[in-house]
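Peer 1: Below is the file coords24.cif, with mmCIF, N, CA and C atoms.
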```
data_structure
loop_
_atom_site.label_atom_id
_atom_site.label_comp_id
_atom_site.auth_asym_id
_atom_site.auth_seq_id
_atom_site.Cartn_x
_atom_site.Cartn_y
_atom_site.Cartn_z
N SER R 273 -0.30 64.89 -48.56
CA SER R 273 -1.58 64.47 -49.08
C SER R 273 -2.58 65.59 -48.92
N ARG R 274 -3.55 65.57 -49.78
CA ARG R 274 -4.56 66.62 -49.78
C ARG R 274 -5.86 66.07 -49.23
N ASP R 275 -6.38 66.68 -48.18
CA ASP R 275 -7.64 66.26 -47.59
C ASP R 275 -8.75 67.17 -48.08
N ALA R 276 -9.87 66.56 -48.42
CA ALA R 276 -11.02 67.34 -48.87
C ALA R 276 -12.22 66.91 -48.07
N CYS R 277 -13.06 67.86 -47.79
CA CYS R 277 -14.27 67.57 -47.05
C CYS R 277 -15.45 68.11 -47.84
N LEU R 278 -16.42 67.28 -48.07
CA LEU R 278 -17.62 67.68 -48.80
C LEU R 278 -18.82 67.35 -47.94
N THR R 279 -19.60 68.36 -47.65
CA THR R 279 -20.79 68.16 -46.85
C THR R 279 -22.00 68.10 -47.76
N THR R 280 -22.77 67.04 -47.63
CA THR R 280 -23.98 66.91 -48.42
C THR R 280 -25.12 66.56 -47.49
N SER R 281 -26.29 66.77 -47.98
CA SER R 281 -27.47 66.36 -47.23
C SER R 281 -28.49 65.80 -48.20
N ILE R 282 -29.24 64.85 -47.74
CA ILE R 282 -30.33 64.31 -48.54
C ILE R 282 -31.58 65.05 -48.10
N ILE R 283 -32.20 65.72 -49.04
CA ILE R 283 -33.38 66.50 -48.71
C ILE R 283 -34.54 66.08 -49.58
N ASP R 284 -35.70 66.36 -49.13
CA ASP R 284 -36.89 66.09 -49.91
C ASP R 284 -36.94 67.07 -51.07
N GLU R 285 -37.34 66.59 -52.25
CA GLU R 285 -37.34 67.45 -53.42
C GLU R 285 -38.25 68.67 -53.27
N ASP R 286 -39.27 68.58 -52.40
CA ASP R 286 -40.15 69.72 -52.19
C ASP R 286 -39.46 70.86 -51.45
N GLN R 287 -38.35 70.58 -50.76
CA GLN R 287 -37.63 71.59 -50.00
C GLN R 287 -36.53 72.23 -50.83
N SER R 288 -36.36 71.85 -52.04
CA SER R 288 -35.27 72.31 -52.87
C SER R 288 -35.75 73.30 -53.92
N SER R 289 -34.82 74.11 -54.40
CA SER R 289 -35.15 74.99 -55.51
C SER R 289 -35.18 74.22 -56.82
N ASN R 290 -34.67 73.00 -56.82
CA ASN R 290 -34.72 72.15 -58.00
C ASN R 290 -36.02 71.35 -57.96
N THR R 291 -36.79 71.44 -59.03
CA THR R 291 -38.01 70.68 -59.15
C THR R 291 -37.81 69.63 -60.23
N ILE R 292 -38.12 68.38 -59.91
CA ILE R 292 -37.89 67.28 -60.84
C ILE R 292 -39.23 66.88 -61.45
N PHE R 293 -39.32 66.97 -62.77
CA PHE R 293 -40.55 66.59 -63.48
C PHE R 293 -40.22 66.31 -64.93
N PRO R 294 -41.03 65.69 -65.75
CA PRO R 294 -42.29 65.05 -65.40
C PRO R 294 -42.04 63.67 -64.79
N ILE R 295 -42.94 63.24 -63.98
CA ILE R 295 -42.91 61.90 -63.42
C ILE R 295 -44.32 61.34 -63.58
N PRO R 296 -44.52 60.31 -64.36
CA PRO R 296 -43.49 59.52 -65.05
C PRO R 296 -42.87 60.29 -66.23
N ALA R 297 -41.65 59.91 -66.55
CA ALA R 297 -40.88 60.56 -67.61
C ALA R 297 -40.77 59.62 -68.81
N LYS R 298 -40.53 60.20 -69.98
CA LYS R 298 -40.31 59.39 -71.19
C LYS R 298 -38.95 59.68 -71.79
N ASP R 299 -38.79 60.82 -72.44
CA ASP R 299 -37.57 61.13 -73.17
C ASP R 299 -36.58 61.98 -72.37
N PHE R 300 -37.08 62.75 -71.42
CA PHE R 300 -36.22 63.62 -70.63
C PHE R 300 -36.85 63.83 -69.26
N VAL R 301 -36.03 64.36 -68.35
CA VAL R 301 -36.52 64.80 -67.06
C VAL R 301 -35.92 66.17 -66.79
N TYR R 302 -36.76 67.09 -66.34
CA TYR R 302 -36.33 68.43 -66.00
C TYR R 302 -35.87 68.43 -64.55
N ILE R 303 -34.65 68.91 -64.30
CA ILE R 303 -34.11 68.91 -62.95
C ILE R 303 -33.78 70.30 -62.45
N GLY R 304 -33.91 71.30 -63.29
CA GLY R 304 -33.63 72.67 -62.89
C GLY R 304 -32.23 73.11 -63.28
N PRO R 305 -32.04 74.41 -63.37
CA PRO R 305 -30.77 74.96 -63.84
C PRO R 305 -29.66 74.97 -62.79
N ASN R 306 -29.99 74.70 -61.56
CA ASN R 306 -29.06 74.85 -60.44
C ASN R 306 -28.37 73.53 -60.11
N THR R 307 -27.81 72.86 -61.12
CA THR R 307 -27.33 71.49 -60.95
C THR R 307 -25.89 71.35 -61.42
N GLN R 308 -25.06 70.68 -60.61
CA GLN R 308 -23.68 70.39 -61.00
C GLN R 308 -23.57 69.06 -61.72
N TRP R 309 -24.21 68.02 -61.16
CA TRP R 309 -24.18 66.71 -61.81
C TRP R 309 -25.41 65.90 -61.44
N VAL R 310 -25.63 64.84 -62.23
CA VAL R 310 -26.79 63.96 -62.04
C VAL R 310 -26.32 62.51 -62.20
N LYS R 311 -26.84 61.64 -61.33
CA LYS R 311 -26.62 60.20 -61.45
C LYS R 311 -27.98 59.51 -61.41
N LEU R 312 -28.12 58.45 -62.19
CA LEU R 312 -29.36 57.69 -62.23
C LEU R 312 -29.04 56.21 -62.04
N TYR R 313 -29.63 55.60 -61.00
CA TYR R 313 -29.39 54.21 -60.65
C TYR R 313 -30.68 53.41 -60.76
N ASP R 314 -30.54 52.12 -61.09
CA ASP R 314 -31.70 51.25 -60.95
C ASP R 314 -31.70 50.72 -59.52
N TYR R 315 -32.73 49.94 -59.17
CA TYR R 315 -32.85 49.49 -57.79
C TYR R 315 -31.86 48.41 -57.39
N SER R 316 -31.13 47.85 -58.36
CA SER R 316 -30.08 46.91 -58.00
C SER R 316 -28.77 47.65 -57.69
N GLY R 317 -28.77 48.96 -57.88
CA GLY R 317 -27.58 49.78 -57.60
C GLY R 317 -26.72 50.05 -58.81
N LYS R 318 -27.13 49.57 -59.97
CA LYS R 318 -26.35 49.79 -61.19
C LYS R 318 -26.51 51.22 -61.67
N LEU R 319 -25.38 51.87 -61.94
CA LEU R 319 -25.38 53.24 -62.45
C LEU R 319 -25.69 53.22 -63.95
N HIS R 320 -26.74 53.90 -64.36
CA HIS R 320 -27.14 53.95 -65.77
C HIS R 320 -26.80 55.27 -66.43
N LEU R 321 -26.63 56.32 -65.63
CA LEU R 321 -26.38 57.64 -66.21
C LEU R 321 -25.59 58.48 -65.22
N TYR R 322 -24.54 59.11 -65.72
CA TYR R 322 -23.83 60.13 -64.95
C TYR R 322 -23.52 61.25 -65.93
N THR R 323 -23.91 62.46 -65.58
CA THR R 323 -23.60 63.58 -66.45
C THR R 323 -23.47 64.86 -65.66
N SER R 324 -22.57 65.71 -66.12
CA SER R 324 -22.48 67.06 -65.59
C SER R 324 -22.87 68.04 -66.70
N PHE R 325 -23.30 67.49 -67.83
CA PHE R 325 -23.77 68.33 -68.94
C PHE R 325 -25.29 68.41 -68.86
N ILE R 326 -25.78 69.49 -68.29
CA ILE R 326 -27.21 69.69 -68.12
C ILE R 326 -27.61 70.87 -68.99
N LYS R 327 -28.28 70.58 -70.09
CA LYS R 327 -28.67 71.63 -71.03
C LYS R 327 -30.11 72.06 -70.75
N ASP R 328 -30.30 73.35 -70.57
CA ASP R 328 -31.63 73.92 -70.32
C ASP R 328 -32.30 73.32 -69.09
N GLY R 329 -31.50 72.88 -68.12
CA GLY R 329 -32.05 72.34 -66.88
C GLY R 329 -32.67 70.96 -67.00
N ARG R 330 -32.38 70.26 -68.08
CA ARG R 330 -32.96 68.93 -68.24
C ARG R 330 -31.93 67.95 -68.77
N ILE R 331 -32.21 66.66 -68.56
CA ILE R 331 -31.32 65.61 -69.05
C ILE R 331 -32.12 64.65 -69.91
N SER R 332 -31.46 64.13 -70.91
CA SER R 332 -32.08 63.14 -71.79
C SER R 332 -32.00 61.77 -71.13
N LEU R 333 -33.06 61.02 -71.23
CA LEU R 333 -33.10 59.67 -70.68
C LEU R 333 -32.70 58.63 -71.70
N GLY R 334 -32.47 59.08 -72.94
CA GLY R 334 -31.93 58.21 -73.97
C GLY R 334 -32.68 56.91 -74.15
N ASP R 335 -31.93 55.82 -74.09
CA ASP R 335 -32.49 54.50 -74.35
C ASP R 335 -32.76 53.71 -73.07
N LEU R 336 -33.02 54.39 -71.98
CA LEU R 336 -33.29 53.67 -70.74
C LEU R 336 -34.61 52.92 -70.82
N ARG R 337 -34.62 51.74 -70.23
CA ARG R 337 -35.83 50.92 -70.21
C ARG R 337 -36.84 51.48 -69.22
N SER R 338 -38.09 51.10 -69.41
CA SER R 338 -39.13 51.47 -68.45
C SER R 338 -38.80 50.88 -67.09
N GLY R 339 -39.12 51.62 -66.06
CA GLY R 339 -38.88 51.13 -64.70
C GLY R 339 -38.75 52.26 -63.72
N THR R 340 -38.48 51.88 -62.49
CA THR R 340 -38.29 52.83 -61.41
C THR R 340 -36.80 52.98 -61.14
N TYR R 341 -36.35 54.22 -61.02
CA TYR R 341 -34.94 54.53 -60.84
C TYR R 341 -34.78 55.51 -59.68
N LEU R 342 -33.56 55.58 -59.16
CA LEU R 342 -33.20 56.59 -58.17
C LEU R 342 -32.36 57.64 -58.86
N LEU R 343 -32.80 58.88 -58.76
CA LEU R 343 -32.12 60.01 -59.37
C LEU R 343 -31.42 60.80 -58.28
N GLN R 344 -30.13 61.01 -58.44
CA GLN R 344 -29.37 61.86 -57.52
C GLN R 344 -28.99 63.13 -58.26
N VAL R 345 -29.30 64.26 -57.65
CA VAL R 345 -28.99 65.56 -58.22
C VAL R 345 -28.12 66.31 -57.21
N PHE R 346 -26.93 66.72 -57.64
CA PHE R 346 -26.05 67.50 -56.79
C PHE R 346 -26.13 68.95 -57.23
N THR R 347 -26.59 69.82 -56.33
CA THR R 347 -26.85 71.22 -56.69
C THR R 347 -25.63 72.10 -56.50
N ASN R 348 -25.74 73.31 -57.01
CA ASN R 348 -24.68 74.30 -56.84
C ASN R 348 -24.52 74.73 -55.39
N GLU R 349 -25.51 74.45 -54.54
CA GLU R 349 -25.42 74.76 -53.12
C GLU R 349 -24.88 73.58 -52.31
N SER R 350 -24.29 72.61 -52.99
CA SER R 350 -23.71 71.41 -52.37
C SER R 350 -24.76 70.58 -51.63
N LYS R 351 -25.95 70.49 -52.20
CA LYS R 351 -27.00 69.65 -51.65
C LYS R 351 -27.20 68.46 -52.56
N LEU R 352 -27.38 67.30 -51.96
CA LEU R 352 -27.64 66.08 -52.71
C LEU R 352 -29.12 65.75 -52.57
N ILE R 353 -29.83 65.77 -53.68
CA ILE R 353 -31.25 65.47 -53.71
C ILE R 353 -31.39 64.08 -54.30
N THR R 354 -32.06 63.19 -53.60
CA THR R 354 -32.32 61.86 -54.10
C THR R 354 -33.82 61.71 -54.28
N SER R 355 -34.23 61.32 -55.48
CA SER R 355 -35.65 61.22 -55.80
C SER R 355 -35.90 59.94 -56.59
N LYS R 356 -37.04 59.34 -56.34
CA LYS R 356 -37.47 58.17 -57.12
C LYS R 356 -38.20 58.68 -58.36
N ILE R 357 -37.82 58.16 -59.53
CA ILE R 357 -38.54 58.55 -60.75
C ILE R 357 -38.97 57.29 -61.50
N LEU R 358 -40.05 57.43 -62.24
CA LEU R 358 -40.58 56.36 -63.06
C LEU R 358 -40.38 56.72 -64.51
N ILE R 359 -39.77 55.81 -65.27
CA ILE R 359 -39.56 56.03 -66.70
C ILE R 359 -40.47 55.09 -67.47
N GLU R 360 -41.20 55.67 -68.41
CA GLU R 360 -42.09 54.89 -69.29
C GLU R 360 -41.59 55.01 -70.71
N GLU R 361 -41.78 53.93 -71.49
CA GLU R 361 -41.38 53.97 -72.91
C GLU R 361 -42.49 54.56 -73.74
#
```
As structure tokens - that is how I would like this structure written.
Peer 2:
Amino acid sequence: SRDACLTTSIIDEDQSSNTIFPIPAKDFVYIGPNTQWVKLYDYSGKLHLYTSFIKDGRISLGDLRSGTYLLQVFTNESKLITSKILIEE
């Protein structure tokens, strides 16, 4: 069997080289170019978005409803950034 170990940390977005904006967001959110993948959850824990395709450091929010979500960004430095974002229509 193959064992893998991945070390992550939850850090405040102000301590990261990745800056998440705009908040509130409408059509997209900029997360920075230093990103491997992104997940977006609502507060019930439902996963609404998972992508490793980050074009120009931003992701499209598509048809997501207005509300507050948790955004997880996994960086190229193996850091997990969790941020609350507000999406407006």
Peer 1: Can you measure CA of Ile326 (chain R) to CA of Tyr302 (chain R) for me? One decimal in Å is fine.
Peer 2: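 The value is 9.4 Å.
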Peer 1: Mind the document's chain letters and residue numbers, and return as a ChimeraX atom specification the residues of chain R that DSSP labels strand (DSSP E).
Peer 2: /R:282-283,300-302,307-314,319-323,330-332,339-347,352-359
Peer 1: Could you tell me, as a VMD selection string, which residues have any atom at most 7 Å from (-42.1, 59.9, -63.9), counting only N, CA and C atoms?
Peer 2: chain R and resid 293 to 298 356 to 360
Peer 1: R:Thr340, R:Thr323, R:Ser350, R:Asn306: which is nearest Thr291 (chain R), counting only N, CA and C atoms?
Peer 2: R:Asn306
Peer 1: Measure the distance from CA of Lys318 (chain R) to CA of Phe300 (chain R) in Å and round it to one decimal.
Peer 2: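 Distance between the two atoms: 19.4 Å.
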Peer 1: Identify all residues satisfying the PyMOL selection byres ((chain R and resi 315) around 6.5) in the given file; provide them as a PyMOL selection string.
Peer 2: chain R and resi 313-314+316-318+340-342
Peer 1: Check the smallest atom-to-atom distance from each of R:Asn290, R:Val345, R:Asp299, R:His320 to Ser332 (chain R) using all atoms listed in the file, then report the winner.
Peer 2: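 Going through R:Asn290, R:Val345, R:Asp299, R:His320 one by one, the smallest distance to Ser332 (chain R) is for R:Asp299.
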Peer 1: I'd like to know which of R:Gly329, R:Gly304, R:Ile292, R:Val310 is closest to Gln344 (chain R), using only N, CA and C atoms.
Peer 2: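 Checking each candidate against Gln344 (chain R), we get R:Val310 as the closest.
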Peer 1: Could you tell me how far atom C of Ile303 (chain R) sits from CA of Leu336 (chain R), in Å to one decimal place?
Peer 2: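 Atom-to-atom, CA of Leu336 (chain R) and atom C of Ile303 (chain R) are spaced 18.6 Å apart.
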Peer 1: Given the PyMOL selection byres ((chain R and resi 349) around 8) and the file above, list the residues it selects as a PyMOL selection string.
Peer 2: chain R and resi 279-280+306-308+346-348+350-352
Peer 1: Fewer than 4 positions away in the same chain doesn't count, so skip those; otherwise give me all residues within 6 Å of Lys311 (chain R), counting only C-alpha atoms, as a PDB file with N, CA and C atoms, keeping the file's coordinate frame.
Peer 2:
```
ATOM      1  N   LEU R 321     -26.630  56.320 -65.630  1.00  0.00           N
ATOM      2  CA  LEU R 321     -26.380  57.640 -66.210  1.00  0.00           C
ATOM      3  C   LEU R 321     -25.590  58.480 -65.220  1.00  0.00           C
ATOM      4  N   TYR R 322     -24.540  59.110 -65.720  1.00  0.00           N
ATOM      5  CA  TYR R 322     -23.830  60.130 -64.950  1.00  0.00           C
ATOM      6  C   TYR R 322     -23.520  61.250 -65.930  1.00  0.00           C
ATOM      7  N   LEU R 343     -32.800  58.880 -58.760  1.00  0.00           N
ATOM      8  CA  LEU R 343     -32.120  60.010 -59.370  1.00  0.00           C
ATOM      9  C   LEU R 343     -31.420  60.800 -58.280  1.00  0.00           C
ATOM     10  N   GLN R 344     -30.130  61.010 -58.440  1.00  0.00           N
ATOM     11  CA  GLN R 344     -29.370  61.860 -57.520  1.00  0.00           C
ATOM     12  C   GLN R 344     -28.990  63.130 -58.260  1.00  0.00           C
TER      13      GLN R 344
END
```
Peer 1: Hey, can I get the axis-aligned box for region 320-334 of chain R? All listed atoms, 8 Å padding on each side, centre and edge lengths in Å to one decimal, as JSON.
Peer 2:
```
{"center_x": -27.8, "center_y": 63.9, "center_z": -69.3, "size_x": 26.6, "size_y": 36.0, "size_z": 25.8}
```
Peer 1: Take region 320-349 of chain R from the preceding structure and save N, CA and C atoms as a short mmCIF file (atom, residue, chain, number, x, y, z; two decimals), in the first residue's frame.
Peer 2:
```
data_model
loop_
_atom_site.label_atom_id
_atom_site.label_comp_id
_atom_site.auth_asym_id
_atom_site.auth_seq_id
_atom_site.Cartn_x
_atom_site.Cartn_y
_atom_site.Cartn_z
N HIS R 320 -20.49 23.33 -3.77
CA HIS R 320 -21.09 23.93 -4.96
C HIS R 320 -20.11 24.08 -6.11
N LEU R 321 -18.81 24.09 -5.79
CA LEU R 321 -17.81 24.30 -6.84
C LEU R 321 -16.52 23.63 -6.44
N TYR R 322 -15.95 22.90 -7.38
CA TYR R 322 -14.59 22.38 -7.22
C TYR R 322 -13.92 22.54 -8.57
N THR R 323 -12.77 23.20 -8.57
CA THR R 323 -12.06 23.35 -9.83
C THR R 323 -10.57 23.46 -9.60
N SER R 324 -9.82 22.91 -10.54
CA SER R 324 -8.37 23.12 -10.56
C SER R 324 -8.01 23.93 -11.80
N PHE R 325 -9.05 24.37 -12.52
CA PHE R 325 -8.84 25.22 -13.70
C PHE R 325 -9.03 26.67 -13.27
N ILE R 326 -7.93 27.34 -13.02
CA ILE R 326 -7.96 28.73 -12.57
C ILE R 326 -7.33 29.57 -13.66
N LYS R 327 -8.16 30.30 -14.39
CA LYS R 327 -7.68 31.11 -15.51
C LYS R 327 -7.46 32.54 -15.04
N ASP R 328 -6.27 33.06 -15.29
CA ASP R 328 -5.92 34.43 -14.92
C ASP R 328 -6.09 34.71 -13.43
N GLY R 329 -5.94 33.68 -12.60
CA GLY R 329 -6.03 33.86 -11.16
C GLY R 329 -7.43 34.08 -10.63
N ARG R 330 -8.44 33.78 -11.43
CA ARG R 330 -9.81 33.99 -10.97
C ARG R 330 -10.70 32.82 -11.36
N ILE R 331 -11.82 32.70 -10.65
CA ILE R 331 -12.78 31.64 -10.95
C ILE R 331 -14.14 32.27 -11.18
N SER R 332 -14.89 31.66 -12.07
CA SER R 332 -16.25 32.10 -12.36
C SER R 332 -17.19 31.54 -11.31
N LEU R 333 -18.11 32.37 -10.88
CA LEU R 333 -19.10 31.94 -9.89
C LEU R 333 -20.37 31.43 -10.56
N GLY R 334 -20.42 31.53 -11.89
CA GLY R 334 -21.50 30.94 -12.65
C GLY R 334 -22.88 31.32 -12.17
N ASP R 335 -23.69 30.30 -11.92
CA ASP R 335 -25.09 30.51 -11.56
C ASP R 335 -25.33 30.34 -10.06
N LEU R 336 -24.34 30.61 -9.24
CA LEU R 336 -24.53 30.47 -7.80
C LEU R 336 -25.49 31.52 -7.28
N ARG R 337 -26.31 31.12 -6.34
CA ARG R 337 -27.28 32.04 -5.73
C ARG R 337 -26.57 32.99 -4.77
N SER R 338 -27.23 34.10 -4.50
CA SER R 338 -26.73 35.04 -3.50
C SER R 338 -26.64 34.35 -2.15
N GLY R 339 -25.62 34.69 -1.40
CA GLY R 339 -25.48 34.12 -0.06
C GLY R 339 -24.05 34.15 0.40
N THR R 340 -23.84 33.60 1.58
CA THR R 340 -22.51 33.52 2.17
C THR R 340 -21.98 32.10 1.99
N TYR R 341 -20.74 32.00 1.54
CA TYR R 341 -20.11 30.72 1.25
C TYR R 341 -18.74 30.65 1.91
N LEU R 342 -18.23 29.44 2.05
CA LEU R 342 -16.87 29.22 2.49
C LEU R 342 -16.03 28.83 1.29
N LEU R 343 -14.97 29.56 1.07
CA LEU R 343 -14.07 29.33 -0.06
C LEU R 343 -12.79 28.72 0.47
N GLN R 344 -12.41 27.57 -0.07
CA GLN R 344 -11.13 26.95 0.28
C GLN R 344 -10.22 27.05 -0.93
N VAL R 345 -9.03 27.57 -0.70
CA VAL R 345 -8.03 27.72 -1.75
C VAL R 345 -6.79 26.95 -1.32
N PHE R 346 -6.36 26.00 -2.15
CA PHE R 346 -5.14 25.24 -1.87
C PHE R 346 -4.05 25.79 -2.76
N THR R 347 -3.00 26.33 -2.13
CA THR R 347 -1.94 27.02 -2.88
C THR R 347 -0.83 26.07 -3.32
N ASN R 348 0.02 26.59 -4.18
CA ASN R 348 1.18 25.84 -4.64
C ASN R 348 2.19 25.58 -3.52
N GLU R 349 2.08 26.30 -2.41
CA GLU R 349 2.95 26.08 -1.26
C GLU R 349 2.32 25.11 -0.25
#
```
